[in-house]
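Trainee: First the structure, which I've put down as structure tokens, then a few questions once you've had a look.
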Amino acid sequence: MSTSQPHASRPPEDSATPDRLLHARTGTDVSPEDLVLASGKDLTPHNLEWAKRKLAAEGPAALEKLLP
């Protein structure tokens, strides 16, 4: 019989996410691929076209709107 506790290896639920993980921008340009992946979609031609249109309309802020 195992006495391991699965909850023991998990971080506490009330712990804060480190600041370095919260920032979406790295100082580089946002690509359509970045936007598609951040939205949780697959990299398909249709989704890449959607991302290009969204970037043209909203600029790099489009990525910030998708990420926390």
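Residues in the structure tokens are numbered from 1 in each chain, the chains being A, B, ... in the order shown, and ligands are numbered from 1 in the order shown.
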Can you pull out every residue within 9 Å of segment 48-62 of chain A, counting only C-alpha atoms, but drop anything in the same chain fewer than 6 positions away, and send it as a PDB file with C-alpha atoms, in the first residue's frame?
Mentor:
```pdb
ATOM      1  CA  ARG A  25       6.189  40.646 -24.317  1.00  0.00           C
ATOM      2  CA  ASP A  29       7.826  41.910 -32.469  1.00  0.00           C
ATOM      3  CA  VAL A  30       4.679  39.847 -32.153  1.00  0.00           C
ATOM      4  CA  SER A  31       4.261  37.428 -35.032  1.00  0.00           C
ATOM      5  CA  PRO A  32       1.015  35.952 -36.322  1.00  0.00           C
ATOM      6  CA  GLU A  33       2.283  32.585 -35.072  1.00  0.00           C
ATOM      7  CA  ASP A  34       2.662  34.031 -31.562  1.00  0.00           C
ATOM      8  CA  LEU A  35      -0.896  35.278 -31.642  1.00  0.00           C
ATOM      9  CA  VAL A  36      -2.331  31.978 -32.898  1.00  0.00           C
TER      10      VAL A  36
END
```
Trainee: List the spatial neighbours of Leu67 of chain A as JSON, numbers by chain - criterion: any atom at most 7 Å away, only C-alpha atoms, same-chain residues fewer than 2 positions off excluded.
Mentor: {"A": [24, 38, 63, 64, 65]}
Trainee: Restricting the output to C-alpha atoms, write the selected residues as a PDB file, in the first residue's frame.
Mentor:
```
ATOM      1  CA  ALA A  24       3.927  38.308 -22.370  1.00  0.00           C
ATOM      2  CA  ALA A  38      -1.436  32.375 -27.469  1.00  0.00           C
ATOM      3  CA  LEU A  63      -1.321  39.567 -27.769  1.00  0.00           C
ATOM      4  CA  GLU A  64      -1.659  41.315 -24.429  1.00  0.00           C
ATOM      5  CA  LYS A  65      -5.446  41.024 -24.683  1.00  0.00           C
TER       6      LYS A  65
END
```
